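Structure first, then comments.
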Amino acid sequence: MELKRVVVTGLGALTPLGNTVEAYWNGLINGVSGANLITRFDASKFKTRFACELKNFNVEDHIERKEARRMDPYTHYALVVAAEAIRDCGIDLDKVNKDRVGVIWGSGIGGLLTFQQEVMEFAKGDGTPKFNPFFIPKMIADIASGQISISFGFRGPNYTTTSACASSNNALIDAFTYLRLGKANMIVTGGSEAAVTEAGVGGFNALKALSENNDNYQTASRPFDQTRDGFVLGEGAACLVLEEYEHAKARGAHMYCEVLGGGMSADAYHITAPHPDGVGARQVMINALDDAGLRPEDIDYINVHGTSTPLGDVQEAKAIQKVFGEHAYKLNISATKSMTGHLLGAAGAIEAVATILSLKNDIVPPTINFSTPDPELDTRLNFTFNQAQRRTVNAAMSNTFGFGGHNTSAVFRKIG
């Protein structure tokens with residue numbers, strides 16, 4: 001069968017750098033750090049006392065109070081970005097065939113705050129079960145996709161992907177696959193996460209995954225810097241409206257770019273550590289290029305997973321060199337987690353938005369907070385350190401990898 005072309009027609013973003021796509025992009029290209037001291041709870045006894053939280057966000061500006069109380073923050077974030085992306089795509093909700101519009105969402109954890117609060121309240125009592133009737137519907141990781149479909153009446157494919165930090169990139173690739181197979185006309189995809197909680201920070205501290213650089217928190221997320229000591233936890237969401245090309249063309253839609261391909265692989269190695277030889281990272285990029293029908297030299301920019309962990313950054317950089325060969329030195333590479341922190345299951349979505357806007361604007365956002373070269377990394381690689389760079393970006397790749405060895409890579413190209 002002939003595969004259909006898939007384009008991106010709408011974007012939404014709610015990030016530690018800004019609460020709209022425009023604000024997010026401005027923060028990226030200006031190299032703004034989203035890190036600050038935690039305000040969600042008293043973190044004074046935690047090993048890490050900072051995170052990349054949302055700023056000046058009030059859910060009641062977007063969702064009626066009674067309804068908002070029946071949802072976890074990760075669902076709030078999903079609904080807000082979905083509304084922005086659907087407005088952006090310009091679809092007439094009264095005319096679109098809603099049986100042919102789906103929602104495929106990503107979240108690595110789901111309603112962590114809800115789960116934490118309910119269990120803590122139960123533990124304070126005498127053992128008598130007194131749980132909120134919305135406990136389960138608020139907490140389950142699939143509810144965001146359900147709430148989006150309910151809010152807009154979309155009756156097409158609807159589910160959530162959970163593959164840790166690869167979750168929303170997984171969702172995007174699934175949405176792309178459904179569309180090119182002709183199983184829908186449009187799919188709202190993306191991801192959301194709200195893990196800046198006592199359980200989230202404490203849990204990742206116990207894993208020794210988070211940076212503990214409390215004295216220099218604004219620069220603690222420093223991918224590819226020798227002094228990096230772990231990732232900075234972030235929160236938020238992003239949404240992309242993917243659409244079959246002929247459907248978008250027929251309604252005169254604005255098209256940001258074309259989705260060309262997606263790759264998936266597994267490390268099959270360790271529950272949290274990347275494969276020391278970057279086997280899974282290398283294979284996923286090969287798979288993505290093959291799916292897109294591109295050669296390595298066709299890629300201009302890679303938005304890397306780049307979490308600022310000692311092992312992960314080195315393995316990804318070495319995998320890029322193995323896949324791209326001499327062309328690796330002609331690429332721009334950047335880790336936007338240096339600014340946003342790590343949004344876990346929502347990382348792939350916000351980084352896909354960054355990658356798409358780099359295509360649209362021919363600007364590569366920087367990897368900020370770099371000062372000390374790592375002798376394990378090849379200095380000939382262009383990590384776009386500390387300042388955005390203008391260059392023609394015709395095709396770009398976005399990588400996200402997750403605990404459990406899940407690897408995903410998506411490929412985008414200017415509309416040709």
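Ligands are numbered from 1 in the order shown, residues from 1 within each chain, and chains are lettered A, B, ... in the order they appear in the structure tokens.
Every protein or nucleic acid residue with an atom no more than 7 Å from stretch 278-285 of chain A, counting only C-alpha atoms and leaving out same-chain residues fewer than 5 positions away, appears here: Gly263, Met264, Ser265, Ala266, Asp267, Gln315, Glu316, Ala319, Ile320, Val323, Asn407, Thr408 and Ser409 of chain A.
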Just all heavy atoms for this one: save the residues we selected as a compact mmCIF listing (two decimals), in the first residue's frame.
```txt
# COMPACT_ATOMS: atom_id res chain seq x y z
N GLY A 263 12.14 6.03 14.64
CA GLY A 263 12.81 4.79 14.99
C GLY A 263 12.62 4.45 16.45
O GLY A 263 12.45 5.34 17.29
N MET A 264 12.62 3.17 16.76
CA MET A 264 12.55 2.69 18.14
C MET A 264 13.55 1.55 18.30
O MET A 264 13.80 0.81 17.36
CB MET A 264 11.14 2.23 18.49
CG MET A 264 10.13 3.38 18.56
SD MET A 264 8.46 2.84 18.98
CE MET A 264 7.85 2.42 17.33
N SER A 265 14.09 1.42 19.51
CA SER A 265 14.99 0.31 19.80
C SER A 265 15.04 0.12 21.31
O SER A 265 14.52 0.93 22.08
CB SER A 265 16.41 0.57 19.26
OG SER A 265 17.09 1.51 20.07
N ALA A 266 15.70 -0.95 21.73
CA ALA A 266 15.91 -1.22 23.16
C ALA A 266 17.38 -1.50 23.42
O ALA A 266 18.06 -2.13 22.61
CB ALA A 266 15.07 -2.41 23.61
N ASP A 267 17.87 -1.04 24.57
CA ASP A 267 19.24 -1.35 24.96
C ASP A 267 19.39 -2.80 25.38
O ASP A 267 20.46 -3.39 25.23
CB ASP A 267 19.66 -0.47 26.13
CG ASP A 267 20.04 0.94 25.72
OD1 ASP A 267 20.04 1.23 24.51
OD2 ASP A 267 20.34 1.76 26.61
N GLN A 315 27.72 8.41 25.93
CA GLN A 315 27.28 7.32 25.05
C GLN A 315 26.50 7.85 23.85
O GLN A 315 26.64 7.34 22.74
CB GLN A 315 26.43 6.31 25.84
CG GLN A 315 27.11 5.73 27.07
CD GLN A 315 28.56 5.33 26.82
OE1 GLN A 315 28.90 4.79 25.78
NE2 GLN A 315 29.42 5.60 27.79
N GLU A 316 25.66 8.88 24.06
CA GLU A 316 24.90 9.41 22.93
C GLU A 316 25.81 10.08 21.92
O GLU A 316 25.65 9.91 20.70
CB GLU A 316 23.84 10.40 23.42
CG GLU A 316 22.90 10.86 22.31
CD GLU A 316 21.75 11.71 22.79
OE1 GLU A 316 21.76 12.12 23.99
OE2 GLU A 316 20.83 11.97 21.99
N ALA A 319 27.56 7.46 19.95
CA ALA A 319 26.63 6.81 19.02
C ALA A 319 26.42 7.67 17.78
O ALA A 319 26.35 7.16 16.66
CB ALA A 319 25.30 6.55 19.72
N ILE A 320 26.32 9.00 17.97
CA ILE A 320 26.16 9.91 16.84
C ILE A 320 27.37 9.80 15.91
O ILE A 320 27.22 9.75 14.68
CB ILE A 320 25.97 11.36 17.34
CG1 ILE A 320 24.58 11.52 17.97
CG2 ILE A 320 26.15 12.37 16.20
CD1 ILE A 320 24.38 12.83 18.70
N VAL A 323 27.11 6.60 13.84
CA VAL A 323 26.05 6.62 12.82
C VAL A 323 26.37 7.59 11.70
O VAL A 323 26.18 7.28 10.51
CB VAL A 323 24.68 6.98 13.45
CG1 VAL A 323 23.62 7.16 12.37
CG2 VAL A 323 24.25 5.89 14.43
N ASN A 407 14.42 3.49 23.55
CA ASN A 407 15.02 4.54 22.71
C ASN A 407 14.08 4.91 21.58
O ASN A 407 13.50 4.03 20.93
CB ASN A 407 16.34 4.05 22.12
CG ASN A 407 17.30 3.56 23.17
OD1 ASN A 407 17.65 4.28 24.09
ND2 ASN A 407 17.71 2.31 23.06
N THR A 408 13.94 6.21 21.33
CA THR A 408 13.11 6.69 20.22
C THR A 408 13.82 7.83 19.51
O THR A 408 14.56 8.59 20.12
CB THR A 408 11.74 7.18 20.69
OG1 THR A 408 11.92 8.22 21.66
CG2 THR A 408 10.90 6.08 21.28
N SER A 409 13.57 7.93 18.22
CA SER A 409 14.15 9.02 17.43
C SER A 409 13.16 9.39 16.32
O SER A 409 12.67 8.52 15.61
CB SER A 409 15.47 8.58 16.82
OG SER A 409 16.09 9.64 16.12
```
So that each row is one residue of stretch 108-177 of chain A with an atom at most 9 Å from stretch 93-104 of chain A, can you give its shortest atom pair and the distance in Å to one decimal, using only C-alpha atoms, rows by chain and rising number, as CSV?
```
residue,atom,partner,partner_atom,distance
A:Ser145,CA,A:Val103,CA,5.8
A:Gly146,CA,A:Val103,CA,8.0
A:Ile148,CA,A:Val103,CA,7.3
A:Ser149,CA,A:Val103,CA,6.5
A:Phe152,CA,A:Leu93,CA,7.8
A:Gly153,CA,A:Lys98,CA,6.6
A:Phe154,CA,A:Lys98,CA,4.8
A:Arg155,CA,A:Asp99,CA,4.7
A:Gly156,CA,A:Gly102,CA,3.9
A:Pro157,CA,A:Gly102,CA,4.6
A:Asn158,CA,A:Val103,CA,4.8
A:Tyr159,CA,A:Ile104,CA,5.2
A:Thr160,CA,A:Ile104,CA,5.6
A:Thr161,CA,A:Ile104,CA,7.4
A:Ser168,CA,A:Ile104,CA,8.8
A:Ala171,CA,A:Ile104,CA,5.6
A:Leu172,CA,A:Ile104,CA,7.4
A:Asp174,CA,A:Ile104,CA,7.5
A:Ala175,CA,A:Ile104,CA,6.3
```
List the neighbours of A:Thr20 out to 12 Å using only C-alpha atoms; skip same-chain residues closer than 2 positions along the sequence, and give me the result as a VMD selection string.
-> chain A and resid 11 to 18 22 to 27 54 to 57 77 80 to 85 88 236 to 239 350 353
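Checking A:Ala199, A:Phe46, A:Asp72, A:Arg87 one by one against A:Ile140, counting only C-alpha atoms, you find the shortest gap at A:Asp72.
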With a distance cut-off of 12 Å and only C-alpha atoms, select the neighbouring residues of A:Tyr74, excluding the residue or stretch itself and same-chain residues fewer than 3 positions from it, and output the selection as number ranges by chain.
-> A: 14, 54, 59, 68, 70-71, 77-81, 105-114, 138-145, 147, 191-197, 235-238, 343-346
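Note that atom CA of A:Thr9 and atom CA of A:Arg251 are 11.2 Å apart.
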Run DSSP on the backbone of this structure and report the residues of stretch 174-328 of chain A it assigns to strand (DSSP E), as a PyMOL selection string.
-> chain A and resi 186-193+236-244+257-266+301-303
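Of the listed residues A:Ile187, A:Met120, A:Val201, A:Leu311, the one whose atoms come nearest to A:Ser44 is A:Val201, with distances taken using only C-alpha atoms.
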One-decimal distance in Å that lies between atom CA of A:Ala347 and atom CA of A:Pro223 = 14.9 Å
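If you count only C-alpha atoms and ignore residues fewer than 4 places along the chain from A:Val411, what sits within 9 Å of it is Glu258, Val259, Leu260, Gly261, Gly262, Gly263, Ala288, Leu289, Asp291, Ala292, Ile299, Ala395, Ala396, Met397 and Ser398 of chain A.
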Please save C-alpha atoms of the selected residues as a PDB file, in the first residue's frame.
```pdb
ATOM      1  CA  GLU A 258       6.768  17.111   7.406  1.00  0.00           C
ATOM      2  CA  VAL A 259       7.277  14.119   9.695  1.00  0.00           C
ATOM      3  CA  LEU A 260       9.464  11.759   7.698  1.00  0.00           C
ATOM      4  CA  GLY A 261      10.154   8.850   9.991  1.00  0.00           C
ATOM      5  CA  GLY A 262      10.592   7.407  13.429  1.00  0.00           C
ATOM      6  CA  GLY A 263      12.808   4.787  14.988  1.00  0.00           C
ATOM      7  CA  ALA A 288      14.847   6.443  12.104  1.00  0.00           C
ATOM      8  CA  LEU A 289      16.974   7.369   9.094  1.00  0.00           C
ATOM      9  CA  ASP A 291      12.259   4.841   8.024  1.00  0.00           C
ATOM     10  CA  ALA A 292      12.615   8.413   6.759  1.00  0.00           C
ATOM     11  CA  ILE A 299      20.482  15.656   8.664  1.00  0.00           C
ATOM     12  CA  ALA A 395      16.086  18.082   8.122  1.00  0.00           C
ATOM     13  CA  ALA A 396      16.449  17.400  11.830  1.00  0.00           C
ATOM     14  CA  MET A 397      16.277  14.555  14.316  1.00  0.00           C
ATOM     15  CA  SER A 398      15.049  14.444  17.922  1.00  0.00           C
TER      16      SER A 398
END
```
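Taking atom CA of A:Glu326 as the reference point, atom CA of A:Asp378 is found at 12.1 Å.
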Smallest atom-to-atom distance to A:Arg390: which of A:Glu351, A:Glu246, A:Asp300, A:Asp61, using only C-alpha atoms?
-> A:Asp300
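Distances to A:Ile173 were evaluated for A:Ser371, A:Gln218, A:Asp313, A:Leu240 using only C-alpha atoms, and the minimum falls at A:Leu240.
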Spatial neighbours of A:Ala35, max dist 7 Å, only C-alpha atoms, sep filter under 4 positions, as a PyMOL selection string = chain A and resi 50-52+217-218
Which of stretch 187-302 of chain A counts as helix (DSSP H, G or I) under DSSP, as a ChimeraX atom specification please?
-> /A:198-206,214-219,245-250,279-292,296-298
Keeping only N, CA and C atoms, write the selected residues to a file as a compact mmCIF listing (two decimals), in the first residue's frame.
```
# COMPACT_ATOMS: atom_id res chain seq x y z
N GLU A 198 7.39 15.68 46.31
CA GLU A 198 8.30 15.03 47.25
C GLU A 198 8.70 13.64 46.76
N ALA A 199 7.73 12.88 46.28
CA ALA A 199 8.02 11.53 45.81
C ALA A 199 8.91 11.55 44.56
N GLY A 200 8.64 12.49 43.66
CA GLY A 200 9.43 12.58 42.44
C GLY A 200 10.88 12.94 42.71
N VAL A 201 11.09 14.02 43.47
CA VAL A 201 12.45 14.46 43.77
C VAL A 201 13.15 13.44 44.66
N GLY A 202 12.45 12.96 45.70
CA GLY A 202 13.06 12.00 46.60
C GLY A 202 13.41 10.70 45.91
N GLY A 203 12.54 10.25 45.02
CA GLY A 203 12.79 9.01 44.31
C GLY A 203 13.99 9.10 43.39
N PHE A 204 14.07 10.19 42.62
CA PHE A 204 15.22 10.34 41.72
C PHE A 204 16.50 10.62 42.50
N ASN A 205 16.39 11.30 43.66
CA ASN A 205 17.56 11.46 44.52
C ASN A 205 18.09 10.10 44.98
N ALA A 206 17.17 9.22 45.36
CA ALA A 206 17.58 7.90 45.82
C ALA A 206 18.30 7.11 44.73
N ASN A 214 23.27 22.40 44.50
CA ASN A 214 22.35 23.40 45.05
C ASN A 214 22.94 24.80 45.08
N ASP A 215 24.25 24.91 45.10
CA ASP A 215 24.88 26.23 45.15
C ASP A 215 24.87 26.92 43.79
N ASN A 216 24.74 26.14 42.72
CA ASN A 216 24.75 26.71 41.36
C ASN A 216 23.57 26.16 40.57
N TYR A 217 22.38 26.25 41.16
CA TYR A 217 21.22 25.54 40.59
C TYR A 217 20.83 26.03 39.21
N GLN A 218 21.03 27.31 38.92
CA GLN A 218 20.61 27.81 37.61
C GLN A 218 21.46 27.27 36.47
N THR A 219 22.66 26.82 36.80
CA THR A 219 23.54 26.27 35.76
C THR A 219 23.81 24.77 35.98
N TYR A 245 -1.24 14.81 4.89
CA TYR A 245 -0.89 15.96 4.03
C TYR A 245 -2.04 16.43 3.15
N GLU A 246 -2.71 15.53 2.46
CA GLU A 246 -3.78 15.93 1.55
C GLU A 246 -4.95 16.55 2.31
N HIS A 247 -5.21 16.04 3.51
CA HIS A 247 -6.28 16.60 4.35
C HIS A 247 -5.93 18.03 4.75
N ALA A 248 -4.67 18.24 5.14
CA ALA A 248 -4.21 19.58 5.53
C ALA A 248 -4.24 20.52 4.33
N LYS A 249 -3.78 20.02 3.19
CA LYS A 249 -3.75 20.85 1.98
C LYS A 249 -5.15 21.26 1.55
N ALA A 250 -6.11 20.34 1.64
CA ALA A 250 -7.48 20.61 1.20
C ALA A 250 -8.13 21.71 2.02
N VAL A 279 24.75 1.01 22.11
CA VAL A 279 24.17 0.12 21.08
C VAL A 279 22.75 0.54 20.72
N GLY A 280 21.91 0.75 21.73
CA GLY A 280 20.52 1.11 21.47
C GLY A 280 20.38 2.49 20.84
N ALA A 281 21.18 3.44 21.32
CA ALA A 281 21.15 4.80 20.78
C ALA A 281 21.58 4.80 19.31
N ARG A 282 22.59 4.03 19.00
CA ARG A 282 23.06 3.94 17.61
C ARG A 282 21.99 3.31 16.72
N GLN A 283 21.39 2.23 17.21
CA GLN A 283 20.41 1.52 16.38
C GLN A 283 19.15 2.34 16.15
N VAL A 284 18.73 3.10 17.15
CA VAL A 284 17.49 3.86 16.97
C VAL A 284 17.66 4.95 15.93
N MET A 285 18.83 5.56 15.86
CA MET A 285 19.06 6.59 14.84
C MET A 285 19.15 5.97 13.45
N ILE A 286 19.76 4.81 13.37
CA ILE A 286 19.79 4.09 12.09
C ILE A 286 18.38 3.74 11.65
N ASN A 287 17.57 3.25 12.59
CA ASN A 287 16.18 2.89 12.27
C ASN A 287 15.38 4.10 11.80
N ALA A 288 15.59 5.24 12.46
CA ALA A 288 14.85 6.44 12.10
C ALA A 288 15.23 6.94 10.71
N LEU A 289 16.51 6.95 10.42
CA LEU A 289 16.97 7.37 9.09
C LEU A 289 16.43 6.45 8.01
N ASP A 290 16.45 5.16 8.28
CA ASP A 290 15.94 4.19 7.31
C ASP A 290 14.44 4.40 7.07
N ASP A 291 13.70 4.62 8.14
CA ASP A 291 12.26 4.84 8.02
C ASP A 291 11.96 6.12 7.24
N ALA A 292 12.81 7.13 7.44
CA ALA A 292 12.62 8.41 6.76
C ALA A 292 13.11 8.40 5.32
N PRO A 296 22.59 9.72 6.36
CA PRO A 296 23.09 10.50 7.49
C PRO A 296 23.43 11.95 7.11
N GLU A 297 23.99 12.13 5.92
CA GLU A 297 24.40 13.48 5.51
C GLU A 297 23.23 14.40 5.19
N ASP A 298 22.00 13.88 5.20
CA ASP A 298 20.83 14.73 4.97
C ASP A 298 20.40 15.47 6.23
```
